>>> print(open('data-v9.cif').read())   # mmCIF, C-alpha atoms and all ligand atoms
data_entry
#
loop_
_atom_site.label_atom_id
_atom_site.label_comp_id
_atom_site.auth_asym_id
_atom_site.auth_seq_id
_atom_site.Cartn_x
_atom_site.Cartn_y
_atom_site.Cartn_z
CA MET A 140 40.23 -11.67 -209.43
CA ILE A 141 41.66 -8.32 -208.34
CA ASP A 142 43.87 -6.73 -211.00
CA ALA A 143 46.39 -4.46 -209.29
CA ALA A 144 49.29 -5.22 -211.66
CA ALA A 145 50.57 -2.34 -213.74
CA ASN A 146 53.38 0.01 -214.45
CA PRO A 147 51.73 2.90 -212.56
CA SER A 148 53.83 5.81 -213.85
CA VAL A 149 52.09 8.47 -215.93
CA LEU A 150 55.40 8.88 -217.77
CA ALA A 151 55.66 5.15 -218.56
CA GLY A 152 56.44 4.44 -222.18
CA VAL A 153 57.77 7.93 -222.82
CA ASP A 154 60.42 8.57 -220.15
CA GLY A 155 63.03 6.19 -221.53
CA LYS A 156 62.70 3.84 -218.53
CA SER A 157 60.16 1.58 -220.26
CA SER A 158 59.03 1.26 -223.85
CA SER A 159 55.53 2.06 -225.04
CA ARG A 160 55.24 -1.56 -226.21
CA GLN A 161 56.18 -2.88 -222.77
CA LEU A 162 53.66 -0.55 -221.12
CA ILE A 163 50.89 -1.96 -223.29
CA ASP A 164 52.09 -5.54 -222.69
CA TYR A 165 52.03 -5.03 -218.92
CA ASN A 166 49.03 -2.79 -218.38
CA LEU A 167 46.65 -3.79 -221.13
CA LEU A 168 47.62 -7.30 -222.25
CA GLY A 169 48.26 -8.25 -218.61
CA THR A 170 44.63 -7.34 -217.94
CA VAL A 171 43.48 -9.28 -221.01
CA ASN A 172 45.24 -12.39 -219.65
CA LEU A 173 43.29 -12.00 -216.39
CA LEU A 174 40.02 -11.43 -218.24
CA GLU A 175 40.59 -14.64 -220.21
CA TYR A 176 41.10 -16.40 -216.89
CA CYS A 177 37.85 -14.91 -215.52
CA LYS A 178 36.02 -15.98 -218.67
CA GLN A 179 37.28 -19.54 -218.28
CA HIS A 180 36.51 -19.79 -214.57
CA LYS A 181 33.48 -17.44 -214.39
CA ALA A 182 35.36 -15.42 -211.80
CA GLY A 183 34.38 -11.85 -210.98
CA PHE A 184 36.89 -9.16 -211.93
CA VAL A 185 37.90 -6.02 -210.02
CA LEU A 186 40.21 -3.51 -211.70
CA LEU A 187 42.25 -0.89 -209.87
CA SER A 188 42.07 1.93 -212.39
CA THR A 189 43.16 5.52 -212.02
CA SER A 190 42.22 9.20 -212.14
CA ARG A 191 44.57 9.30 -215.13
CA VAL A 192 41.75 8.05 -217.39
CA TYR A 193 40.36 11.60 -217.34
CA SER A 194 41.06 13.92 -220.25
CA ILE A 195 44.20 16.03 -219.84
CA PRO A 196 43.38 19.23 -221.80
CA PRO A 197 40.36 20.36 -219.72
CA LEU A 198 42.22 19.51 -216.49
CA ALA A 199 45.41 21.23 -217.66
CA ALA A 200 43.39 24.31 -218.68
CA LEU A 201 41.48 24.44 -215.40
CA ASN A 202 41.16 28.02 -214.17
CA VAL A 203 42.83 27.89 -210.74
CA THR A 204 43.89 30.52 -208.24
CA PRO A 205 46.17 30.03 -205.24
CA HIS A 206 44.57 30.10 -201.81
CA GLU A 207 46.73 29.38 -198.75
CA GLU A 208 49.49 28.10 -201.08
CA ALA A 209 47.20 25.64 -202.86
CA PHE A 210 45.44 25.93 -206.20
CA GLN A 211 41.66 26.03 -206.10
CA PRO A 212 39.40 25.79 -209.15
CA GLN A 213 37.46 28.96 -209.88
CA HIS A 214 33.69 28.69 -209.58
CA GLY A 215 31.72 29.53 -212.65
CA SER A 216 34.25 28.19 -215.12
CA LEU A 217 34.30 24.48 -214.34
CA PRO A 218 34.21 21.94 -217.18
CA ALA A 219 31.38 19.36 -217.31
CA GLY A 220 31.78 16.60 -214.73
CA LEU A 221 33.82 18.72 -212.31
CA THR A 222 32.51 20.49 -209.21
CA ASP A 223 34.28 21.91 -206.18
CA GLN A 224 33.92 18.38 -204.75
CA GLY A 225 36.20 17.08 -207.48
CA ILE A 226 36.21 15.17 -210.75
CA SER A 227 33.22 12.87 -211.17
CA GLU A 228 32.85 9.78 -213.33
CA GLN A 229 31.03 11.98 -215.88
CA PHE A 230 34.21 13.93 -216.65
CA SER A 231 35.54 13.52 -220.19
CA THR A 232 37.88 10.61 -220.94
CA THR A 233 38.68 11.90 -224.43
CA PRO A 234 42.36 11.56 -225.43
CA PRO A 235 44.95 12.72 -224.65
CA VAL A 236 44.98 10.93 -221.30
CA SER A 237 48.68 9.84 -221.50
CA LEU A 238 49.77 6.40 -222.71
CA TYR A 239 49.46 5.15 -219.12
CA GLY A 240 45.91 6.54 -218.84
CA ALA A 241 45.06 5.01 -222.22
CA THR A 242 46.21 1.53 -221.12
CA LYS A 243 44.00 1.79 -218.04
CA LEU A 244 41.00 3.21 -219.94
CA SER A 245 41.35 0.47 -222.58
CA SER A 246 41.56 -2.10 -219.76
CA GLU A 247 38.34 -0.70 -218.29
CA LEU A 248 36.56 -0.95 -221.63
CA LEU A 249 37.71 -4.49 -222.31
CA ALA A 250 36.85 -5.57 -218.78
CA LEU A 251 33.30 -4.23 -219.12
CA GLU A 252 32.95 -5.87 -222.53
CA TYR A 253 34.28 -9.25 -221.33
CA GLY A 254 31.98 -9.13 -218.30
CA LEU A 255 28.89 -8.45 -220.44
CA THR A 256 29.82 -10.92 -223.17
CA PHE A 257 30.90 -13.80 -220.96
CA ASP A 258 28.62 -13.06 -218.02
CA PHE A 259 30.84 -12.37 -215.05
CA PRO A 260 30.74 -9.39 -212.67
CA VAL A 261 33.16 -6.53 -213.34
CA TRP A 262 33.86 -3.64 -210.95
CA ILE A 263 36.18 -0.77 -211.75
CA ASN A 264 37.67 1.51 -209.11
CA ARG A 265 39.29 4.69 -210.41
CA CYS A 266 41.75 5.39 -207.60
CA GLY A 267 43.40 8.65 -206.66
CA VAL A 268 46.92 8.90 -205.25
CA MET A 269 47.62 6.07 -202.81
CA ALA A 270 49.50 7.03 -199.67
CA GLY A 271 50.70 4.97 -196.74
CA ALA A 272 53.72 3.68 -194.86
CA GLY A 273 55.91 1.19 -196.70
CA GLN A 274 55.44 2.58 -200.20
CA PHE A 275 58.64 2.45 -202.20
CA GLY A 276 60.85 5.50 -202.72
CA LYS A 277 59.40 6.34 -206.12
CA ALA A 278 57.20 9.31 -206.88
CA ASP A 279 55.09 7.10 -209.24
CA GLN A 280 53.89 5.01 -206.34
CA GLY A 281 52.64 8.00 -204.41
CA ILE A 282 53.94 11.54 -204.14
CA PHE A 283 52.96 11.92 -200.46
CA ALA A 284 55.22 9.10 -199.20
CA PHE A 285 57.99 10.08 -201.61
CA TRP A 286 57.94 13.70 -200.38
CA LEU A 287 58.00 12.77 -196.69
CA HIS A 288 60.79 10.21 -197.03
CA SER A 289 62.86 12.55 -199.21
CA TRP A 290 62.42 15.36 -196.68
CA LYS A 291 63.39 13.16 -193.76
CA GLU A 292 66.45 11.81 -195.60
CA GLN A 293 67.53 15.31 -196.73
CA ARG A 294 67.32 14.27 -200.37
CA SER A 295 66.91 16.88 -203.05
CA LEU A 296 63.33 18.01 -203.61
CA LYS A 297 61.94 20.52 -206.05
CA TYR A 298 58.65 22.00 -207.13
CA ILE A 299 58.27 21.30 -210.84
CA GLY A 300 56.12 23.38 -213.19
CA PHE A 301 53.31 25.84 -212.30
CA GLY A 302 55.79 28.61 -211.58
CA GLY A 303 57.84 26.42 -209.22
CA HIS A 304 55.67 27.30 -206.17
CA GLY A 305 54.38 23.81 -205.33
CA TYR A 306 50.75 24.89 -205.39
CA GLN A 307 49.61 21.82 -207.36
CA VAL A 308 47.02 19.81 -205.41
CA ARG A 309 46.28 16.09 -205.08
CA ASP A 310 43.95 14.16 -202.82
CA CYS A 311 45.06 10.84 -201.35
CA LEU A 312 43.77 7.51 -200.14
CA HIS A 313 45.19 4.97 -197.75
CA PRO A 314 45.19 1.62 -199.62
CA ARG A 315 43.83 -0.03 -196.46
CA ASP A 316 40.61 1.96 -196.98
CA LEU A 317 40.10 0.16 -200.28
CA VAL A 318 39.80 -3.21 -198.54
CA PRO A 319 36.16 -2.99 -197.34
CA LEU A 320 35.12 -1.96 -200.86
CA LEU A 321 37.09 -4.77 -202.50
CA LEU A 322 35.56 -7.30 -200.10
CA LYS A 323 32.05 -6.12 -201.00
CA GLN A 324 32.84 -6.23 -204.70
CA CYS A 325 34.25 -9.75 -204.41
CA THR A 326 30.85 -11.06 -203.33
CA GLU A 327 28.53 -8.77 -205.31
CA THR A 328 26.81 -10.01 -208.46
CA ASN A 329 24.06 -7.36 -208.74
CA SER A 330 24.58 -5.87 -212.17
CA ASP A 331 22.29 -2.90 -211.43
CA ARG A 332 25.09 -1.10 -209.65
CA SER A 333 27.22 1.34 -211.57
CA PRO A 334 30.33 -0.65 -212.56
CA VAL A 335 32.74 2.31 -212.55
CA VAL A 336 33.37 4.45 -209.47
CA ASN A 337 35.95 6.95 -208.29
CA VAL A 338 37.66 5.93 -205.05
CA SER A 339 39.76 8.51 -203.29
CA GLY A 340 40.13 10.77 -200.28
CA GLY A 341 38.43 13.76 -201.94
CA VAL A 342 38.63 17.41 -200.96
CA LYS A 343 39.01 16.58 -197.25
CA SER A 344 42.36 14.93 -197.97
CA ALA A 345 43.58 17.30 -200.70
CA MET A 346 46.86 19.17 -200.20
CA SER A 347 49.40 21.06 -202.27
CA LEU A 348 53.10 20.22 -202.25
CA ALA A 349 53.76 23.54 -200.52
CA GLN A 350 51.29 22.60 -197.76
CA LEU A 351 52.93 19.18 -197.52
CA SER A 352 56.26 20.93 -197.04
CA HIS A 353 54.81 22.95 -194.14
CA TRP A 354 53.66 19.70 -192.56
CA CYS A 355 57.19 18.25 -192.94
CA ALA A 356 58.80 21.43 -191.62
CA ASP A 357 56.61 21.30 -188.50
CA ARG A 358 57.76 17.75 -187.84
CA TRP A 359 61.39 17.80 -188.95
CA GLY A 360 62.40 21.44 -189.33
CA HIS A 361 62.82 23.69 -192.33
CA ARG A 362 64.88 22.89 -195.38
CA ALA A 363 65.39 24.29 -198.85
CA ILE A 364 63.21 23.14 -201.74
CA GLY A 365 64.37 23.73 -205.31
CA ALA A 366 62.15 25.12 -208.03
CA ASP A 367 61.96 24.29 -211.71
CA ALA A 368 59.15 26.18 -213.40
CA THR A 369 59.56 24.22 -216.68
CA PRO A 370 56.25 22.47 -217.37
CA ARG A 371 56.30 18.66 -217.56
CA PRO A 372 54.10 16.65 -219.91
CA PHE A 373 50.84 15.44 -218.33
CA ASP A 374 51.26 17.60 -215.23
CA LEU A 375 48.00 18.96 -213.81
CA PRO A 376 47.34 21.74 -211.29
CA TRP A 377 44.44 20.21 -209.36
CA VAL A 378 43.39 16.56 -209.29
CA VAL A 379 40.80 15.69 -206.67
CA LEU A 380 38.32 12.87 -207.15
CA ASP A 381 34.68 13.06 -206.16
CA SER A 382 33.83 9.63 -204.71
CA SER A 383 30.19 10.35 -203.97
CA MET A 384 29.07 7.64 -206.40
CA ALA A 385 31.11 5.04 -204.45
CA ALA A 386 29.33 6.29 -201.31
CA GLN A 387 25.96 5.98 -203.01
CA GLU A 388 26.55 2.63 -204.74
CA TRP A 389 28.61 0.84 -202.09
CA GLY A 390 28.20 2.84 -198.89
CA TRP A 391 31.97 3.38 -199.16
CA GLU A 392 33.94 6.29 -197.83
CA PRO A 393 37.56 6.75 -196.82
CA ALA A 394 38.21 6.03 -193.13
CA THR A 395 41.78 7.32 -192.71
CA SER A 396 42.29 11.08 -192.56
CA VAL A 397 45.16 12.77 -194.35
CA GLN A 398 46.66 13.65 -190.94
CA GLN A 399 46.63 9.97 -189.96
CA ILE A 400 48.17 9.01 -193.30
CA LEU A 401 50.99 11.54 -193.00
CA THR A 402 51.68 10.62 -189.37
CA GLU A 403 51.81 6.94 -190.32
CA ILE A 404 54.29 7.60 -193.16
CA ALA A 405 56.39 9.92 -190.97
CA THR A 406 56.59 7.40 -188.12
CA PHE A 407 57.69 4.77 -190.60
CA ALA A 408 60.23 7.17 -192.15
CA GLU A 409 61.71 7.81 -188.70
CA SER A 410 62.29 4.08 -188.25
CA GLN A 411 64.25 3.82 -191.54
CA SER A 412 67.53 5.55 -192.24
CA ASP A 413 67.68 5.09 -196.04
CA TRP A 414 64.26 3.96 -197.23
CA ILE A 415 64.46 5.74 -200.60
CA GLY A 416 67.86 4.24 -201.40
CA PHE A 417 66.74 0.81 -200.19
CA SER A 418 63.37 0.68 -201.93
CA LYS A 419 63.56 2.74 -205.11
N1 LIG B 1 49.95 4.31 -206.56
C1 LIG B 1 48.94 5.07 -206.88
O1 LIG B 1 48.85 6.21 -206.41
C2 LIG B 1 47.85 4.56 -207.80
C3 LIG B 1 46.80 5.43 -208.11
C4 LIG B 1 45.78 4.98 -208.95
C5 LIG B 1 45.80 3.69 -209.42
N2 LIG B 1 46.83 2.86 -209.12
C6 LIG B 1 46.79 1.51 -209.66
O2 LIG B 1 46.96 0.61 -208.59
C7 LIG B 1 47.63 -0.56 -209.04
C8 LIG B 1 48.82 -0.82 -208.14
O3 LIG B 1 49.73 0.26 -208.29
P1 LIG B 1 50.93 0.53 -207.26
O4 LIG B 1 51.04 1.97 -207.10
O5 LIG B 1 50.73 -0.35 -206.05
O6 LIG B 1 52.14 0.08 -208.13
P2 LIG B 1 53.29 -0.98 -207.85
O7 LIG B 1 54.33 -0.77 -208.90
O8 LIG B 1 53.69 -0.97 -206.43
O9 LIG B 1 52.51 -2.35 -208.07
C9 LIG B 1 52.24 -2.87 -209.31
C10 LIG B 1 52.60 -4.35 -209.25
O10 LIG B 1 52.28 -4.89 -210.53
C11 LIG B 1 53.28 -5.83 -210.86
N3 LIG B 1 53.29 -5.98 -212.32
C12 LIG B 1 53.56 -5.01 -213.23
N4 LIG B 1 53.45 -5.53 -214.46
C13 LIG B 1 53.11 -6.83 -214.33
C14 LIG B 1 52.85 -7.88 -215.24
N5 LIG B 1 52.94 -7.69 -216.54
N6 LIG B 1 52.52 -9.09 -214.73
C15 LIG B 1 52.43 -9.28 -213.40
N7 LIG B 1 52.65 -8.32 -212.49
C16 LIG B 1 52.99 -7.11 -212.96
C17 LIG B 1 54.56 -5.24 -210.32
O11 LIG B 1 55.53 -6.25 -210.12
C18 LIG B 1 54.09 -4.63 -209.01
O12 LIG B 1 54.20 -5.54 -207.95
C19 LIG B 1 48.01 -0.31 -210.50
O13 LIG B 1 47.07 -0.96 -211.32
C20 LIG B 1 47.90 1.20 -210.66
O14 LIG B 1 47.55 1.54 -211.98
C21 LIG B 1 47.84 3.27 -208.31
#
>>> encode(input="data-v9.cif", output="structure tokens", more="lines below")
Ligand SMILES: NC(=O)c1ccc[n+]([C@@H]2O[C@H](COP(=O)([O-])OP(=O)(O)OC[C@H]3O[C@@H](n4cnc5c(N)ncnc54)[C@H](O)[C@@H]3O)[C@@H](O)[C@H]2O)c1
Amino acid sequence: MIDAAANPSVLAGVDGKSSSRQLIDYNLLGTVNLLEYCKQHKAGFVLLSTSRVYSIPPLAALNVTPHEEAFQPQHGSLPAGLTDQGISEQFSTTPPVSLYGATKLSSELLALEYGLTFDFPVWINRCGVMAGAGQFGKADQGIFAFWLHSWKEQRSLKYIGFGGHGYQVRDCLHPRDLVPLLLKQCTETNSDRSPVVNVSGGVKSAMSLAQLSHWCADRWGHRAIGADATPRPFDLPWVVLDSSMAAQEWGWEPATSVQQILTEIATFAESQSDWIGFSK
């Protein structure tokens, strides 16, 4: 059983588009339904979790400086579980993590508990930002695709928070690169492996919004980007996952480079005249 069903917005339950109760029904109780199924059928369970399970205050307070229009964490002042290779599984998951993050963290905990109690394999993949052609025109589904489509369609774009410069950094992962890992997990019953791993593109794929804009400008020409320096709840300056444990435990690493991902999205965007309007 692969659980990829969720409301994936970090603002879910608090942005007025969905209630907190509905978020918990979908993200947590939806997972419980699947765990009950796994218990009944002795099926293995794989959860697509998220980097949003990591504690917000130490990430929000990260000491960052801009370098080539992208924030970089400052050496010497990094919180436990974070290196210049990114956030590891040892990083704090202490609340606040957002309601969304809490539904995913609670799902992780219940999944592990069900697996141990009812004896079925459980694997948890904490994914970074997914990026690829065909994602819908919503920032929640992946900021990289949203930015490229919005640029191509001349829709309004703005840098929010952090002084309005767009220096905030994310890494990204093509969902296709998850497939080999999921296939291994679907047939693996060895409980000696670590059940929770980060799965993302890491520092090699990390970019700021400002750098993403340069990429778009090179392909489609310059355009104006708005700025709104007002901070938003749960916004973080630098989120990059260290997937070295996934490499160690599963021999997994991302296969698609960020350049390939962006080119794939851009080529798709060029074949669609109103993808955001059609798919949002
Ligand atoms: N998109 C990302 O960057 C990202 C990053 C990390 C983790 N994830 C996780 O990956 C998974 C897939 O996310 P996505 O970005 O593809 O989002 P998505 O919105 O495209 O997909 C989620 C799917 O879940 C379904 N769903 C929601 N609630 C449901 C319910 N109660 N019962 C049955 N189906 C339900 C929706 O209909 C939708 O098809 C989620 O679990 C999300 O938390 C996504």
>>> residues_near_point(input="data-v9.cif", point="(45.4, 10.1, -217.3)", cutoff="7 Å", atoms="all atoms listed in the file", output="ChimeraX atom specification")
/A:190-195,236-237,239-240
>>> closest_residue(input="data-v9.cif", among="A:Thr326, A:Leu348, A:Trp354, A:Leu317", to="Thr395 (chain A)", atoms="all atoms listed in the file")
A:Leu317
>>> closest_atom_pairs(input="data-v9.cif", of="chain A", to="ligand LIG 1 (chain B)", cutoff="8 Å", atoms="only C-alpha atoms and all ligand atoms", output="JSON lines")
{"residue": "A:Asp142", "atom": "CA", "partner": "B:LIG1", "partner_atom": "O13", "distance": 6.6}
{"residue": "A:Ala143", "atom": "CA", "partner": "B:LIG1", "partner_atom": "C7", "distance": 4.1}
{"residue": "A:Ala144", "atom": "CA", "partner": "B:LIG1", "partner_atom": "O10", "distance": 3.2}
{"residue": "A:Ala145", "atom": "CA", "partner": "B:LIG1", "partner_atom": "C12", "distance": 4.0}
{"residue": "A:Asn146", "atom": "CA", "partner": "B:LIG1", "partner_atom": "C12", "distance": 5.2}
{"residue": "A:Pro147", "atom": "CA", "partner": "B:LIG1", "partner_atom": "O14", "distance": 4.4}
{"residue": "A:Ser148", "atom": "CA", "partner": "B:LIG1", "partner_atom": "O14", "distance": 7.8}
{"residue": "A:Asp164", "atom": "CA", "partner": "B:LIG1", "partner_atom": "N5", "distance": 6.6}
{"residue": "A:Tyr165", "atom": "CA", "partner": "B:LIG1", "partner_atom": "N5", "distance": 3.7}
{"residue": "A:Asn166", "atom": "CA", "partner": "B:LIG1", "partner_atom": "N4", "distance": 6.5}
{"residue": "A:Leu168", "atom": "CA", "partner": "B:LIG1", "partner_atom": "N5", "distance": 7.8}
{"residue": "A:Gly169", "atom": "CA", "partner": "B:LIG1", "partner_atom": "N5", "distance": 5.1}
{"residue": "A:Leu186", "atom": "CA", "partner": "B:LIG1", "partner_atom": "O13", "distance": 7.3}
{"residue": "A:Leu187", "atom": "CA", "partner": "B:LIG1", "partner_atom": "O13", "distance": 5.0}
{"residue": "A:Ser188", "atom": "CA", "partner": "B:LIG1", "partner_atom": "C5", "distance": 5.1}
{"residue": "A:Thr189", "atom": "CA", "partner": "B:LIG1", "partner_atom": "C4", "distance": 4.1}
{"residue": "A:Ser190", "atom": "CA", "partner": "B:LIG1", "partner_atom": "C4", "distance": 6.4}
{"residue": "A:Arg191", "atom": "CA", "partner": "B:LIG1", "partner_atom": "C4", "distance": 7.6}
{"residue": "A:Lys243", "atom": "CA", "partner": "B:LIG1", "partner_atom": "O14", "distance": 7.0}
{"residue": "A:Arg265", "atom": "CA", "partner": "B:LIG1", "partner_atom": "C4", "distance": 6.7}
{"residue": "A:Cys266", "atom": "CA", "partner": "B:LIG1", "partner_atom": "C4", "distance": 4.3}
{"residue": "A:Gly267", "atom": "CA", "partner": "B:LIG1", "partner_atom": "C3", "distance": 4.9}
{"residue": "A:Val268", "atom": "CA", "partner": "B:LIG1", "partner_atom": "O1", "distance": 3.5}
{"residue": "A:Met269", "atom": "CA", "partner": "B:LIG1", "partner_atom": "O1", "distance": 3.8}
{"residue": "A:Ala270", "atom": "CA", "partner": "B:LIG1", "partner_atom": "O1", "distance": 6.8}
{"residue": "A:Gln274", "atom": "CA", "partner": "B:LIG1", "partner_atom": "O8", "distance": 7.4}
{"residue": "A:Phe275", "atom": "CA", "partner": "B:LIG1", "partner_atom": "O8", "distance": 7.4}
{"residue": "A:Asp279", "atom": "CA", "partner": "B:LIG1", "partner_atom": "N1", "distance": 6.4}
{"residue": "A:Gln280", "atom": "CA", "partner": "B:LIG1", "partner_atom": "N1", "distance": 4.0}
{"residue": "A:Gly281", "atom": "CA", "partner": "B:LIG1", "partner_atom": "O1", "distance": 4.6}
{"residue": "A:Ile282", "atom": "CA", "partner": "B:LIG1", "partner_atom": "O1", "distance": 7.7}
{"residue": "A:Cys311", "atom": "CA", "partner": "B:LIG1", "partner_atom": "O1", "distance": 7.8}
>>> residues_around(input="data-v9.cif", residues="Pro370 (chain A)", least_positions_apart="2", cutoff="10 Å", atoms="only C-alpha atoms", output="VMD selection string")
chain A and resid 299 to 303 367 to 368 372 to 375
>>> atom_distance(input="data-v9.cif", atom1="CA of Gln399 (chain A)", atom2="CA of Leu312 (chain A)")
10.9 Å
